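Visitor: This one is model_3.txt, compact mmCIF, C-alpha atoms and all ligand atoms.
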# COMPACT_ATOMS: atom_id res chain seq x y z
CA MET Z 7 -5.10 66.29 -31.35
CA ARG Z 8 -2.38 64.41 -29.47
CA ILE Z 9 -1.78 64.87 -25.77
CA LEU Z 10 1.35 63.38 -24.28
CA ILE Z 11 1.47 62.82 -20.53
CA LYS Z 12 4.97 62.35 -19.14
CA ASP Z 13 6.62 61.39 -15.86
CA ILE Z 14 3.57 59.46 -14.59
CA HIS Z 15 4.45 57.87 -11.22
CA THR Z 16 2.44 54.69 -12.01
CA ILE Z 17 -0.15 53.64 -14.58
CA VAL Z 18 -2.63 51.32 -12.85
CA GLN Z 19 -4.61 48.51 -14.54
CA VAL Z 20 -2.41 48.66 -17.63
CA GLU Z 21 -2.57 46.02 -20.37
CA GLU Z 22 0.59 45.61 -22.43
CA ASP Z 23 -0.13 42.89 -24.99
CA VAL Z 24 -3.07 40.51 -24.80
CA LEU Z 25 -6.19 42.32 -23.61
CA ARG Z 26 -8.38 40.53 -21.09
CA THR Z 27 -11.91 39.83 -22.24
CA THR Z 28 -13.40 38.44 -19.04
CA ALA Z 29 -13.74 39.41 -15.39
CA VAL Z 30 -10.92 39.05 -12.88
CA LYS Z 31 -11.80 36.35 -10.35
CA GLY Z 32 -10.80 34.83 -7.03
CA SER Z 33 -7.11 34.95 -6.15
CA ASP Z 34 -6.33 36.85 -9.40
CA MET Z 35 -8.20 39.85 -8.00
CA LYS Z 36 -5.22 40.80 -5.84
CA TYR Z 37 -3.07 41.39 -8.94
CA LEU Z 38 -3.34 44.84 -10.42
CA PRO Z 39 -1.04 45.30 -13.44
CA ARG Z 40 1.08 48.48 -13.20
CA LEU Z 41 3.69 50.37 -15.15
CA GLU Z 42 5.97 52.70 -13.18
CA LYS Z 43 7.73 55.89 -14.39
CA ALA Z 44 5.71 56.03 -17.56
CA TRP Z 45 4.31 58.18 -20.37
CA LEU Z 46 0.94 57.88 -22.14
CA LEU Z 47 -0.15 59.31 -25.50
CA VAL Z 48 -3.77 60.24 -26.23
CA ASN Z 49 -4.85 60.67 -29.86
CA ASP Z 50 -8.29 62.33 -30.03
CA ASP Z 51 -10.50 60.08 -27.90
CA ILE Z 52 -8.22 57.02 -27.91
CA ILE Z 53 -5.23 55.81 -25.90
CA GLU Z 54 -2.67 55.52 -28.70
CA ASP Z 55 0.36 54.32 -26.81
CA PHE Z 56 2.24 54.26 -23.52
CA GLY Z 57 5.54 53.02 -22.19
CA PRO Z 58 8.34 53.52 -19.65
CA MET Z 59 10.02 56.95 -19.57
CA SER Z 60 13.16 55.33 -21.08
CA THR Z 61 11.18 55.14 -24.35
CA TYR Z 62 9.64 58.66 -24.14
CA PRO Z 63 8.61 59.63 -27.70
CA ASP Z 64 8.29 63.43 -27.42
CA ASN Z 65 5.71 63.61 -30.24
CA GLY Z 66 2.62 65.17 -28.67
CA ASN Z 67 1.10 68.55 -29.52
CA ILE Z 68 0.45 69.15 -25.86
CA VAL Z 69 2.68 67.82 -23.11
CA ILE Z 70 1.40 67.42 -19.57
CA SER Z 71 3.82 66.70 -16.74
CA ALA Z 72 2.42 64.22 -14.18
CA GLU Z 73 5.33 64.17 -11.72
CA GLY Z 74 4.37 62.03 -8.72
CA LYS Z 75 0.84 61.45 -10.04
CA TRP Z 76 -0.85 58.11 -10.67
CA LEU Z 77 -2.99 57.32 -13.71
CA PHE Z 78 -6.09 55.15 -13.23
CA PRO Z 79 -8.68 54.00 -15.77
CA SER Z 80 -11.96 55.82 -15.05
CA TRP Z 81 -14.25 54.02 -12.63
CA CYS Z 82 -16.98 51.90 -14.22
CA ASP Z 83 -20.02 52.32 -11.95
CA SER Z 84 -22.39 49.55 -13.00
CA HIS Z 85 -25.35 50.29 -10.67
CA THR Z 86 -26.94 53.71 -10.08
CA HIS Z 87 -30.34 55.35 -9.79
CA LEU Z 88 -29.07 58.89 -10.36
CA VAL Z 89 -32.14 60.11 -12.24
CA TYR Z 90 -34.63 61.10 -9.54
CA ALA Z 91 -36.72 64.05 -8.47
CA GLY Z 92 -36.07 65.93 -5.24
CA SER Z 93 -34.25 64.28 -2.35
CA ARG Z 94 -35.10 62.28 0.76
CA GLU Z 95 -33.18 63.91 3.58
CA LYS Z 96 -36.35 63.93 5.73
CA GLU Z 97 -36.16 60.14 5.81
CA PHE Z 98 -32.50 60.43 6.69
CA VAL Z 99 -33.47 62.50 9.72
CA ALA Z 100 -36.26 59.98 10.58
CA ARG Z 101 -33.71 57.18 10.46
CA SER Z 102 -31.34 59.11 12.69
CA GLN Z 103 -34.22 59.13 15.18
CA GLY Z 104 -34.43 55.35 15.05
CA LYS Z 105 -36.78 54.38 12.20
CA SER Z 106 -35.69 51.56 9.87
CA TYR Z 107 -35.70 51.74 6.07
CA GLU Z 108 -38.49 49.12 6.01
CA GLU Z 109 -40.61 51.10 8.52
CA ILE Z 110 -40.20 54.24 6.43
CA ALA Z 111 -41.16 52.32 3.27
CA ALA Z 112 -44.23 50.85 5.04
CA GLU Z 113 -45.33 54.40 5.95
CA GLY Z 114 -45.28 55.48 2.32
CA GLY Z 115 -41.72 56.77 2.25
CA GLY Z 116 -38.90 55.10 0.43
CA ILE Z 117 -39.21 54.23 -3.24
CA LEU Z 118 -42.93 55.12 -3.33
CA ASN Z 119 -42.09 58.60 -2.02
CA SER Z 120 -39.60 59.05 -4.89
CA ALA Z 121 -42.22 57.73 -7.33
CA THR Z 122 -44.80 60.31 -6.26
CA ARG Z 123 -42.29 63.11 -6.71
CA LEU Z 124 -41.10 61.80 -10.03
CA ASN Z 125 -44.57 61.58 -11.49
CA ASP Z 126 -45.18 65.19 -10.38
CA THR Z 127 -41.98 66.41 -12.07
CA SER Z 128 -41.69 67.34 -15.75
CA GLU Z 129 -39.22 65.61 -18.06
CA GLU Z 130 -37.36 68.89 -18.49
CA GLU Z 131 -37.08 69.48 -14.75
CA LEU Z 132 -35.97 65.87 -14.15
CA LEU Z 133 -33.21 66.30 -16.72
CA LYS Z 134 -32.18 69.58 -15.11
CA GLN Z 135 -31.91 67.94 -11.68
CA SER Z 136 -30.10 64.83 -12.92
CA LEU Z 137 -27.41 66.32 -15.18
CA PRO Z 138 -25.37 67.86 -12.31
CA ARG Z 139 -25.25 64.44 -10.60
CA LEU Z 140 -23.76 62.93 -13.74
CA LYS Z 141 -21.19 65.75 -13.93
CA GLU Z 142 -20.41 65.34 -10.24
CA ILE Z 143 -19.56 61.64 -10.55
CA MET Z 144 -17.51 62.32 -13.67
CA MET Z 145 -15.35 64.78 -11.74
CA GLN Z 146 -15.05 62.10 -9.03
CA GLY Z 147 -13.47 59.75 -11.57
CA THR Z 148 -16.37 57.79 -13.08
CA GLY Z 149 -16.18 57.42 -16.87
CA ALA Z 150 -18.86 54.78 -17.54
CA VAL Z 151 -22.12 54.42 -15.68
CA GLU Z 152 -25.32 52.41 -15.65
CA ILE Z 153 -28.51 54.32 -14.80
CA LYS Z 154 -31.83 52.70 -13.89
CA SER Z 155 -35.42 53.79 -14.17
CA GLY Z 156 -37.74 52.61 -11.39
CA TYR Z 157 -39.13 55.74 -9.76
CA GLY Z 158 -41.94 56.08 -12.30
CA LEU Z 159 -43.85 52.86 -11.55
CA SER Z 160 -46.36 53.95 -14.20
CA LEU Z 161 -46.13 53.74 -17.97
CA GLU Z 162 -45.68 57.50 -18.36
CA GLY Z 163 -43.30 57.80 -15.39
CA GLU Z 164 -41.01 54.98 -16.51
CA LEU Z 165 -40.91 56.28 -20.10
CA LYS Z 166 -40.16 59.77 -18.77
CA MET Z 167 -37.19 58.48 -16.77
CA LEU Z 168 -35.83 56.42 -19.65
CA ARG Z 169 -36.16 59.36 -22.06
CA VAL Z 170 -34.24 61.53 -19.59
CA ILE Z 171 -31.48 58.90 -19.46
CA LYS Z 172 -31.40 58.86 -23.27
CA LYS Z 173 -30.96 62.66 -23.29
CA LEU Z 174 -28.25 62.49 -20.61
CA LYS Z 175 -26.42 59.97 -22.75
CA ARG Z 176 -26.27 62.51 -25.58
CA MET Z 177 -25.18 65.31 -23.24
CA THR Z 178 -22.26 63.53 -21.56
CA PRO Z 179 -18.97 62.18 -22.93
CA MET Z 180 -19.29 59.28 -20.46
CA ALA Z 181 -20.45 55.83 -21.55
CA VAL Z 182 -24.02 55.26 -20.30
CA LYS Z 183 -25.99 52.02 -20.10
CA THR Z 184 -29.71 52.10 -19.35
CA THR Z 185 -31.71 49.64 -17.27
CA PHE Z 186 -35.49 49.41 -17.06
CA LEU Z 187 -36.50 48.85 -13.43
CA GLY Z 188 -40.30 49.08 -13.59
CA ALA Z 189 -40.30 46.27 -11.02
CA HIS Z 190 -38.66 48.41 -8.31
CA ALA Z 191 -41.73 48.31 -6.04
CA ILE Z 192 -45.48 47.68 -6.27
CA PRO Z 193 -47.12 51.12 -6.63
CA ARG Z 194 -49.79 52.06 -4.08
CA GLU Z 195 -52.69 51.77 -6.53
CA TYR Z 196 -51.72 48.14 -7.26
CA LYS Z 197 -51.21 47.11 -3.62
CA GLU Z 198 -54.14 44.67 -3.79
CA ASN Z 199 -53.50 43.75 -7.42
CA ARG Z 200 -49.85 42.73 -7.84
CA ARG Z 201 -50.66 40.70 -10.91
CA GLY Z 202 -52.17 43.81 -12.50
CA TYR Z 203 -48.93 45.73 -12.07
CA ILE Z 204 -46.82 42.89 -13.45
CA ASP Z 205 -49.16 42.74 -16.46
CA LEU Z 206 -48.65 46.49 -16.92
CA ILE Z 207 -44.87 45.95 -16.97
CA THR Z 208 -44.94 43.03 -19.38
CA GLY Z 209 -47.89 44.08 -21.52
CA SER Z 210 -47.53 47.87 -21.79
CA MET Z 211 -44.19 49.17 -20.49
CA LEU Z 212 -41.90 46.65 -22.21
CA PRO Z 213 -43.42 47.02 -25.71
CA ALA Z 214 -43.27 50.83 -25.44
CA ILE Z 215 -39.66 50.75 -24.24
CA ALA Z 216 -38.65 48.37 -27.02
CA GLU Z 217 -40.40 50.55 -29.59
CA GLU Z 218 -38.36 53.62 -28.59
CA LYS Z 219 -35.20 51.55 -27.89
CA LEU Z 220 -34.98 53.07 -24.42
CA ALA Z 221 -33.21 50.32 -22.45
CA ASP Z 222 -30.25 47.93 -22.60
CA TYR Z 223 -31.16 45.84 -19.56
CA ILE Z 224 -34.05 44.84 -17.30
CA ASP Z 225 -33.98 44.82 -13.50
CA VAL Z 226 -36.28 43.51 -10.75
CA PHE Z 227 -36.04 44.15 -6.99
CA CYS Z 228 -36.30 40.49 -5.98
CA ASP Z 229 -36.45 40.70 -2.22
CA HIS Z 230 -38.58 40.43 0.91
CA GLY Z 231 -41.48 42.89 0.63
CA PHE Z 232 -40.85 43.61 -3.06
CA PHE Z 233 -41.03 41.00 -5.86
CA THR Z 234 -41.08 37.22 -5.35
CA VAL Z 235 -38.87 34.75 -7.21
CA GLU Z 236 -41.83 33.65 -9.34
CA GLU Z 237 -42.76 37.25 -10.22
CA THR Z 238 -39.12 38.03 -11.00
CA ASP Z 239 -38.92 35.04 -13.33
CA VAL Z 240 -42.02 36.18 -15.24
CA ILE Z 241 -40.70 39.75 -15.63
CA LEU Z 242 -37.17 38.72 -16.66
CA LYS Z 243 -38.52 36.31 -19.25
CA ALA Z 244 -40.78 39.03 -20.66
CA GLY Z 245 -37.79 41.39 -20.87
CA GLY Z 246 -35.78 38.67 -22.62
CA LYS Z 247 -38.34 38.60 -25.43
CA TYR Z 248 -37.36 42.22 -26.17
CA GLY Z 249 -33.63 41.46 -25.97
CA LEU Z 250 -33.14 43.00 -22.51
CA LYS Z 251 -30.61 41.07 -20.41
CA PRO Z 252 -31.24 40.97 -16.65
CA LYS Z 253 -29.24 42.89 -14.04
CA ILE Z 254 -31.13 42.38 -10.83
CA HIS Z 255 -31.42 43.56 -7.22
CA ALA Z 256 -31.14 40.46 -5.06
CA ASN Z 257 -30.61 39.44 -1.45
CA GLU Z 258 -30.39 42.87 0.17
CA LEU Z 259 -33.06 42.33 2.81
CA ALA Z 260 -33.34 38.53 2.91
CA ILE Z 261 -32.10 35.25 1.43
CA SER Z 262 -34.63 35.84 -1.33
CA GLY Z 263 -33.81 33.29 -4.04
CA GLY Z 264 -32.90 36.31 -6.16
CA VAL Z 265 -29.40 35.07 -6.95
CA GLN Z 266 -30.68 31.73 -8.23
CA VAL Z 267 -33.45 33.25 -10.37
CA GLY Z 268 -30.90 35.72 -11.76
CA VAL Z 269 -28.44 32.94 -12.65
CA LYS Z 270 -31.27 30.86 -14.13
CA ASN Z 271 -32.15 33.77 -16.44
CA LYS Z 272 -28.48 34.35 -17.35
CA ALA Z 273 -28.35 37.72 -15.60
CA LEU Z 274 -25.38 39.90 -16.46
CA SER Z 275 -25.12 40.73 -12.77
CA VAL Z 276 -26.87 40.15 -9.45
CA ASP Z 277 -26.46 43.18 -7.23
CA HIS Z 278 -26.53 43.85 -3.45
CA LEU Z 279 -25.91 40.37 -1.96
CA GLU Z 280 -25.76 41.55 1.65
CA ARG Z 281 -27.52 38.30 2.57
CA ILE Z 282 -26.10 35.29 0.82
CA GLY Z 283 -24.88 31.85 1.85
CA THR Z 284 -23.15 28.83 0.37
CA ASP Z 285 -26.06 27.97 -1.96
CA GLU Z 286 -25.87 31.38 -3.61
CA ILE Z 287 -22.09 31.14 -4.01
CA ILE Z 288 -22.42 27.69 -5.59
CA ALA Z 289 -25.08 28.98 -7.99
CA LEU Z 290 -22.81 31.89 -9.01
CA LEU Z 291 -19.76 29.65 -9.46
CA GLY Z 292 -21.49 27.78 -12.22
CA SER Z 293 -22.47 30.94 -14.11
CA ASN Z 294 -21.22 34.01 -16.00
CA THR Z 295 -23.29 36.29 -13.74
CA MET Z 296 -21.24 39.03 -12.04
CA PRO Z 297 -21.80 39.31 -8.28
CA THR Z 298 -21.94 43.02 -7.46
CA ALA Z 299 -21.71 44.50 -3.98
CA LEU Z 300 -22.91 47.99 -3.05
CA PRO Z 301 -21.07 48.87 0.17
CA GLY Z 302 -22.33 52.48 0.16
CA THR Z 303 -25.82 51.13 0.86
CA SER Z 304 -24.60 48.99 3.75
CA PHE Z 305 -22.85 52.04 5.18
CA PHE Z 306 -25.79 54.41 4.81
CA LEU Z 307 -28.46 51.97 6.02
CA GLY Z 308 -26.29 50.39 8.70
CA ILE Z 309 -26.94 46.89 7.34
CA ASP Z 310 -24.53 43.98 6.76
CA TYR Z 311 -21.93 44.20 4.02
CA ALA Z 312 -21.86 41.59 1.24
CA PRO Z 313 -19.42 38.80 2.24
CA ALA Z 314 -16.70 39.79 -0.23
CA ARG Z 315 -13.98 37.58 1.25
CA GLN Z 316 -16.17 34.51 1.14
CA MET Z 317 -17.05 35.17 -2.51
CA ILE Z 318 -13.49 35.97 -3.65
CA ASN Z 319 -12.00 33.06 -1.68
CA ALA Z 320 -14.53 30.75 -3.35
CA GLY Z 321 -13.09 31.83 -6.72
CA LEU Z 322 -15.80 34.27 -7.78
CA PRO Z 323 -15.22 37.64 -9.45
CA LEU Z 324 -16.60 40.63 -7.57
CA CYS Z 325 -17.77 43.98 -8.86
CA LEU Z 326 -18.40 47.04 -6.69
CA ALA Z 327 -20.77 49.85 -7.61
CA SER Z 328 -22.15 52.96 -5.92
CA ASP Z 329 -25.96 52.39 -6.00
CA PHE Z 330 -26.24 56.24 -6.11
CA ASN Z 331 -29.93 56.88 -5.21
CA PRO Z 332 -31.91 59.32 -3.08
CA GLY Z 333 -32.97 56.88 -0.34
CA SER Z 334 -30.28 54.40 0.61
CA THR Z 335 -27.08 55.84 -0.95
CA PRO Z 336 -27.10 59.52 -1.85
CA SER Z 337 -23.54 59.37 -3.19
CA GLY Z 338 -21.84 58.21 -6.36
CA ARG Z 339 -18.36 58.73 -4.97
CA MET Z 340 -16.46 55.58 -5.95
CA ALA Z 341 -13.35 56.46 -3.93
CA PHE Z 342 -15.48 56.04 -0.79
CA VAL Z 343 -16.74 52.69 -2.13
CA LEU Z 344 -13.07 51.63 -2.23
CA THR Z 345 -12.56 52.74 1.36
CA LEU Z 346 -15.59 50.75 2.54
CA ALA Z 347 -14.47 47.69 0.55
CA CYS Z 348 -11.09 47.73 2.29
CA LEU Z 349 -12.29 48.71 5.75
CA LYS Z 350 -15.61 46.85 6.03
CA MET Z 351 -15.35 43.99 3.53
CA GLY Z 352 -11.74 42.91 4.07
CA MET Z 353 -10.68 43.59 0.49
CA LEU Z 354 -7.19 44.65 -0.56
CA PRO Z 355 -6.93 47.98 -2.41
CA GLU Z 356 -5.89 45.99 -5.51
CA GLU Z 357 -9.01 43.80 -5.29
CA ALA Z 358 -11.27 46.79 -4.80
CA ILE Z 359 -9.75 48.63 -7.78
CA ASN Z 360 -10.20 45.56 -10.00
CA ALA Z 361 -13.81 45.46 -8.83
CA VAL Z 362 -14.54 49.07 -9.93
CA THR Z 363 -12.59 49.04 -13.20
CA ILE Z 364 -12.33 45.83 -15.24
CA ASN Z 365 -15.15 44.01 -13.43
CA GLY Z 366 -17.41 47.08 -13.55
CA ALA Z 367 -16.81 47.25 -17.30
CA VAL Z 368 -17.72 43.55 -17.64
CA ALA Z 369 -20.94 44.14 -15.68
CA MET Z 370 -21.95 46.73 -18.33
CA GLU Z 371 -20.54 44.83 -21.37
CA LEU Z 372 -18.09 47.69 -21.94
CA LEU Z 373 -14.73 45.96 -21.50
CA ALA Z 374 -13.82 46.26 -25.20
CA ASN Z 375 -13.41 50.04 -24.77
CA TYR Z 376 -13.30 50.79 -21.03
CA GLY Z 377 -12.11 49.43 -17.68
CA THR Z 378 -8.36 49.17 -18.35
CA ILE Z 379 -5.54 51.24 -19.84
CA ALA Z 380 -4.83 49.63 -23.20
CA ARG Z 381 -3.84 50.77 -26.69
CA GLY Z 382 -6.96 51.48 -28.77
CA LYS Z 383 -9.31 51.82 -25.79
CA LYS Z 384 -11.17 55.05 -25.03
CA ALA Z 385 -9.02 57.69 -23.33
CA ASN Z 386 -11.10 57.60 -20.12
CA PHE Z 387 -8.79 57.94 -17.15
CA PHE Z 388 -7.77 60.29 -14.38
CA LEU Z 389 -4.56 61.54 -12.84
CA THR Z 390 -4.36 61.69 -9.07
CA LYS Z 391 -2.63 64.24 -6.93
CA PRO Z 392 0.87 62.99 -6.01
CA LEU Z 393 0.54 59.70 -4.08
CA ALA Z 394 3.24 57.74 -2.27
CA SER Z 395 1.37 54.44 -2.66
CA LEU Z 396 -1.79 52.86 -4.05
CA ALA Z 397 -3.35 52.43 -0.61
CA MET Z 398 -3.37 56.20 -0.05
CA LEU Z 399 -6.42 56.43 -2.30
CA PRO Z 400 -8.80 54.44 -0.05
CA TYR Z 401 -6.95 55.53 3.11
CA TYR Z 402 -7.54 59.30 2.82
CA TYR Z 403 -11.29 58.73 2.62
CA GLY Z 404 -12.28 62.35 3.07
CA SER Z 405 -9.78 63.86 0.65
CA ASP Z 406 -10.33 64.51 -3.01
CA LEU Z 407 -7.21 62.96 -4.49
CA ILE Z 408 -8.31 63.20 -8.13
CA ASP Z 409 -6.40 65.91 -9.97
CA THR Z 410 -7.28 65.78 -13.69
CA VAL Z 411 -10.11 63.87 -15.35
CA PHE Z 412 -9.95 62.78 -19.01
CA VAL Z 413 -13.12 61.47 -20.67
CA ASN Z 414 -13.02 60.62 -24.36
CA GLY Z 415 -9.59 62.22 -24.52
CA GLN Z 416 -10.82 65.60 -23.25
CA VAL Z 417 -9.81 67.21 -19.98
CA GLN Z 418 -13.01 67.78 -18.00
CA ASN Z 419 -13.60 70.82 -15.85
CA GLU Z 420 -16.30 71.51 -13.26
ZN ZN A 501 -30.08 49.79 -6.56
Would you write the structure of this file as structure tokens?

Guide:
Amino acid sequence: MRILIKDIHTIVQVEEDVLRTTAVKGSDMKYLPRLEKAWLLVNDDIIEDFGPMSTYPDNGNIVISAEGKWLFPSWCDSHTHLVYAGSREKEFVARSQGKSYEEIAAEGGGILNSATRLNDTSEEELLKQSLPRLKEIMMQGTGAVEIKSGYGLSLEGELKMLRVIKKLKRMTPMAVKTTFLGAHAIPREYKENRRGYIDLITGSMLPAIAEEKLADYIDVFCDHGFFTVEETDVILKAGGKYGLKPKIHANELAISGGVQVGVKNKALSVDHLERIGTDEIIALLGSNTMPTALPGTSFFLGIDYAPARQMINAGLPLCLASDFNPGSTPSGRMAFVLTLACLKMGMLPEEAINAVTINGAVAMELLANYGTIARGKKANFFLTKPLASLAMLPYYYGSDLIDTVFVNGQVQNE
């Protein structure tokens, strides 16, 4: 079936001839290729063609008028924890009364709280709770997403989470990448036996995950109070033996050495980066590792934002993701991530949009089919409500400016 969209105000992140195969970096991040007064033709699940209205082909079965509307490639959200059981609004209330995230974690809240709930929840129930979150972010413009395990912290719990992600992948038209995050925290029963838990990850969890082909990537929370650099190195190397590339949590709570150990293990991305300095930037400059900032977490926890300007000015690429999770970021709304990037991290709207489209696709190894509007790529995009300019999208931070969502060439409804 062919769907022809006409009178598009502007197609954003459009690629006319040579398709980019790498991330957008440094000063190039402020350039966002656009085509104004345009049409776009979808053939089944693929973008077949597009062009200026002066070349309008009039050959679609279905014609949609997009007068005044902008067309964006779907967001590529490369870091989420959207499979979880229950919610943690009690901690939210505790924080509003002055407790810090670390204090709550020390009292048995935080990740360990989610782990207890997850292990008490059936696979079926977990799937039932998680599917609406996936649908919600799709209607908010996300077309490709990475989802992590990490609330099981036991062999059965981690496998349960990864199996749920595998089922979600079959149930959604979105592209889904799966990351094994057994090293999200040390579970209570291993508090005095860290080595025992790491052995469980490397000796039992990883072989079982590889056997069922349940993960694409491996993640470790390399930070103060979680996993050390040495422990991270051991776990990443063990994952590498099963073909799992690293995507790691680094430098959220402290200058942890996480960036360097990620780069050393050829991590696809190092995520968080609220606390980094010149050494980390130098390490990233010599690598293909994608620095990824999660401004929603900084907002919700009231912590520093990753120094985006410093990284971009140094010539690095930057990716932005939601970090959707029950504790520190209960939102997968990427439009709000754009607002925070502009308002709190000094990024231009163009830079922020590059960070959540092409660079997000690179951080999930999906750029061949997602992340830009190009002939032959998947028809994953959305039309906005009429906008006078690009900056209106991050500016109206409370408004839902997305009008029509296409995923795999199909219009999606609530
Ligand atoms: Zn995270």

Visitor: Could you please extract the residues within 9 Å of ligand ZN 501 (chain A), counting all atoms listed in the file, and hand them back as a compact mmCIF listing (two decimals) with C-alpha atoms, keeping the file's coordinate frame?

Guide:
# COMPACT_ATOMS: atom_id res chain seq x y z
CA HIS Z 85 -25.35 50.29 -10.67
CA THR Z 86 -26.94 53.71 -10.08
CA HIS Z 87 -30.34 55.35 -9.79
CA LYS Z 154 -31.83 52.70 -13.89
CA HIS Z 190 -38.66 48.41 -8.31
CA PHE Z 227 -36.04 44.15 -6.99
CA ILE Z 254 -31.13 42.38 -10.83
CA HIS Z 255 -31.42 43.56 -7.22
CA ASP Z 277 -26.46 43.18 -7.23
CA HIS Z 278 -26.53 43.85 -3.45
CA LEU Z 300 -22.91 47.99 -3.05
CA THR Z 303 -25.82 51.13 0.86
CA SER Z 328 -22.15 52.96 -5.92
CA ASP Z 329 -25.96 52.39 -6.00
CA PHE Z 330 -26.24 56.24 -6.11
CA ASN Z 331 -29.93 56.88 -5.21
CA SER Z 334 -30.28 54.40 0.61
CA THR Z 335 -27.08 55.84 -0.95

Visitor: Counting all atoms listed in the file, which residue out of Z:Ser293, Z:Thr61, Z:Gln416, Z:Ser136 sits closest to Val267 (chain Z)?

Guide: Z:Ser293

Visitor: Find the residue from Z:Ser337, Z:Thr148, Z:Asn125, Z:Ser304 that sits nearest to Met167 (chain Z); use all atoms listed in the file when measuring.

Guide: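 Distance minimum relative to Met167 (chain Z) lands on Z:Asn125.
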
Visitor: Find the residue from Z:Ala320, Z:Ala273, Z:Leu46, Z:Ile52 that sits nearest to Gly245 (chain Z); use all atoms listed in the file when measuring.

Guide: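 Counting all atoms listed in the file, the residue closest to Gly245 (chain Z) is Z:Ala273.
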
Visitor: List the neighbours of Ala347 (chain Z) out to 9 Å using all atoms listed in the file; skip same-chain residues closer than 2 positions along the sequence, and give me the result as a list in words.

Guide: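 Listed by chain and then number, they are Pro301, Tyr311, Ala314, Leu326, Phe342, Val343, Leu344, Thr345, Leu349, Lys350, Met351, Gly352, Met353, Leu354, Pro355, Glu357, Ala358 and Pro400 of chain Z.
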
Visitor: What is the CA of Asp239 (chain Z)-CA of Gly32 (chain Z) distance in Å, reported with one decimal?

Guide: 28.8 Å

Visitor: Counting all atoms listed in the file, which of Z:Ala29, Z:Leu396, Z:Lys75, Z:Ser405 gets nearest to Leu274 (chain Z)?

Guide: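 Among the listed residues, Z:Ala29 lies closest to Leu274 (chain Z).
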
Visitor: Using all atoms of region 353-358 of chain Z that appear in the file, construct an axis-aligned enclosing box with 3 Å of padding on every side and provide its centre coordinates and edge lengths in Å, rounded to one decimal, as AutoDock Vina command-line options.

Guide:
--center_x -8.6 --center_y 45.8 --center_z -2.5 --size_x 11.4 --size_y 10.4 --size_z 12.0

Visitor: Taking into account all atoms listed in the file, which residue in the set Z:Thr378, Z:Ser106, Z:Ser120, Z:Ser262 is nearest to Ile309 (chain Z)?

Guide: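 The closest residue to Ile309 (chain Z) is Z:Ser106.
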
Visitor: Using all atoms listed in the file, which residues sit within 8 Å of Lys272 (chain Z) once same-chain residues fewer than 6 positions away are excluded, as a PDB file with C-alpha atoms, in the frame of the given file?

Guide:
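See around_1.pdb below for the written result:
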ATOM      1  CA  LYS Z 251     -30.610  41.070 -20.410  1.00  0.00           C
ATOM      2  CA  PRO Z 252     -31.240  40.970 -16.650  1.00  0.00           C
ATOM      3  CA  SER Z 293     -22.470  30.940 -14.110  1.00  0.00           C
ATOM      4  CA  ASN Z 294     -21.220  34.010 -16.000  1.00  0.00           C
ATOM      5  CA  THR Z 295     -23.290  36.290 -13.740  1.00  0.00           C
TER       6      THR Z 295
END

Visitor: Write out as a list of chain:residue names each polymer residue whose atoms come within 12 Å of Leu25 (chain Z), counting only C-alpha atoms; drop sequence neighbours fewer than 4 positions from it.

Guide: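 With the cut-off at 12 Å, the set is Z:Gln19, Z:Val20, Z:Glu21, Z:Ala29, Z:Pro39, Z:Ile364, Z:Leu373, Z:Ala374, Z:Asn375, Z:Tyr376, Z:Gly377, Z:Thr378, Z:Ile379, Z:Ala380, Z:Arg381, Z:Gly382, Z:Lys383.
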
Visitor: Just C-alpha atoms for this one: save the residues we selected as a PDB file, in the coordinates of the input.

Guide:
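Listing of result08.pdb after writing:
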ATOM      1  CA  GLN Z  19      -4.610  48.510 -14.540  1.00  0.00           C
ATOM      2  CA  VAL Z  20      -2.410  48.660 -17.630  1.00  0.00           C
ATOM      3  CA  GLU Z  21      -2.570  46.020 -20.370  1.00  0.00           C
ATOM      4  CA  ALA Z  29     -13.740  39.410 -15.390  1.00  0.00           C
ATOM      5  CA  PRO Z  39      -1.040  45.300 -13.440  1.00  0.00           C
ATOM      6  CA  ILE Z 364     -12.330  45.830 -15.240  1.00  0.00           C
ATOM      7  CA  LEU Z 373     -14.730  45.960 -21.500  1.00  0.00           C
ATOM      8  CA  ALA Z 374     -13.820  46.260 -25.200  1.00  0.00           C
ATOM      9  CA  ASN Z 375     -13.410  50.040 -24.770  1.00  0.00           C
ATOM     10  CA  TYR Z 376     -13.300  50.790 -21.030  1.00  0.00           C
ATOM     11  CA  GLY Z 377     -12.110  49.430 -17.680  1.00  0.00           C
ATOM     12  CA  THR Z 378      -8.360  49.170 -18.350  1.00  0.00           C
ATOM     13  CA  ILE Z 379      -5.540  51.240 -19.840  1.00  0.00           C
ATOM     14  CA  ALA Z 380      -4.830  49.630 -23.200  1.00  0.00           C
ATOM     15  CA  ARG Z 381      -3.840  50.770 -26.690  1.00  0.00           C
ATOM     16  CA  GLY Z 382      -6.960  51.480 -28.770  1.00  0.00           C
ATOM     17  CA  LYS Z 383      -9.310  51.820 -25.790  1.00  0.00           C
TER      18      LYS Z 383
END

Visitor: Can you pull out the residues contacting Phe233 (chain Z)? Cut-off 12 Å, using all atoms listed in the file, and skip same-chain residues under 4 positions away; I want them as a ChimeraX atom specification.

Guide: /Z:187-193,200-201,203-204,225-229,237-242,254-257,259-260,262-264,267

Visitor: Just checking: using only C-alpha atoms, which residue out of Z:Arg176, Z:Arg8, Z:Lys384, Z:Arg281 ends up closest to Ile53 (chain Z)?

Guide: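 Among Z:Arg176, Z:Arg8, Z:Lys384, Z:Arg281, it is Z:Lys384 that comes nearest to Ile53 (chain Z).
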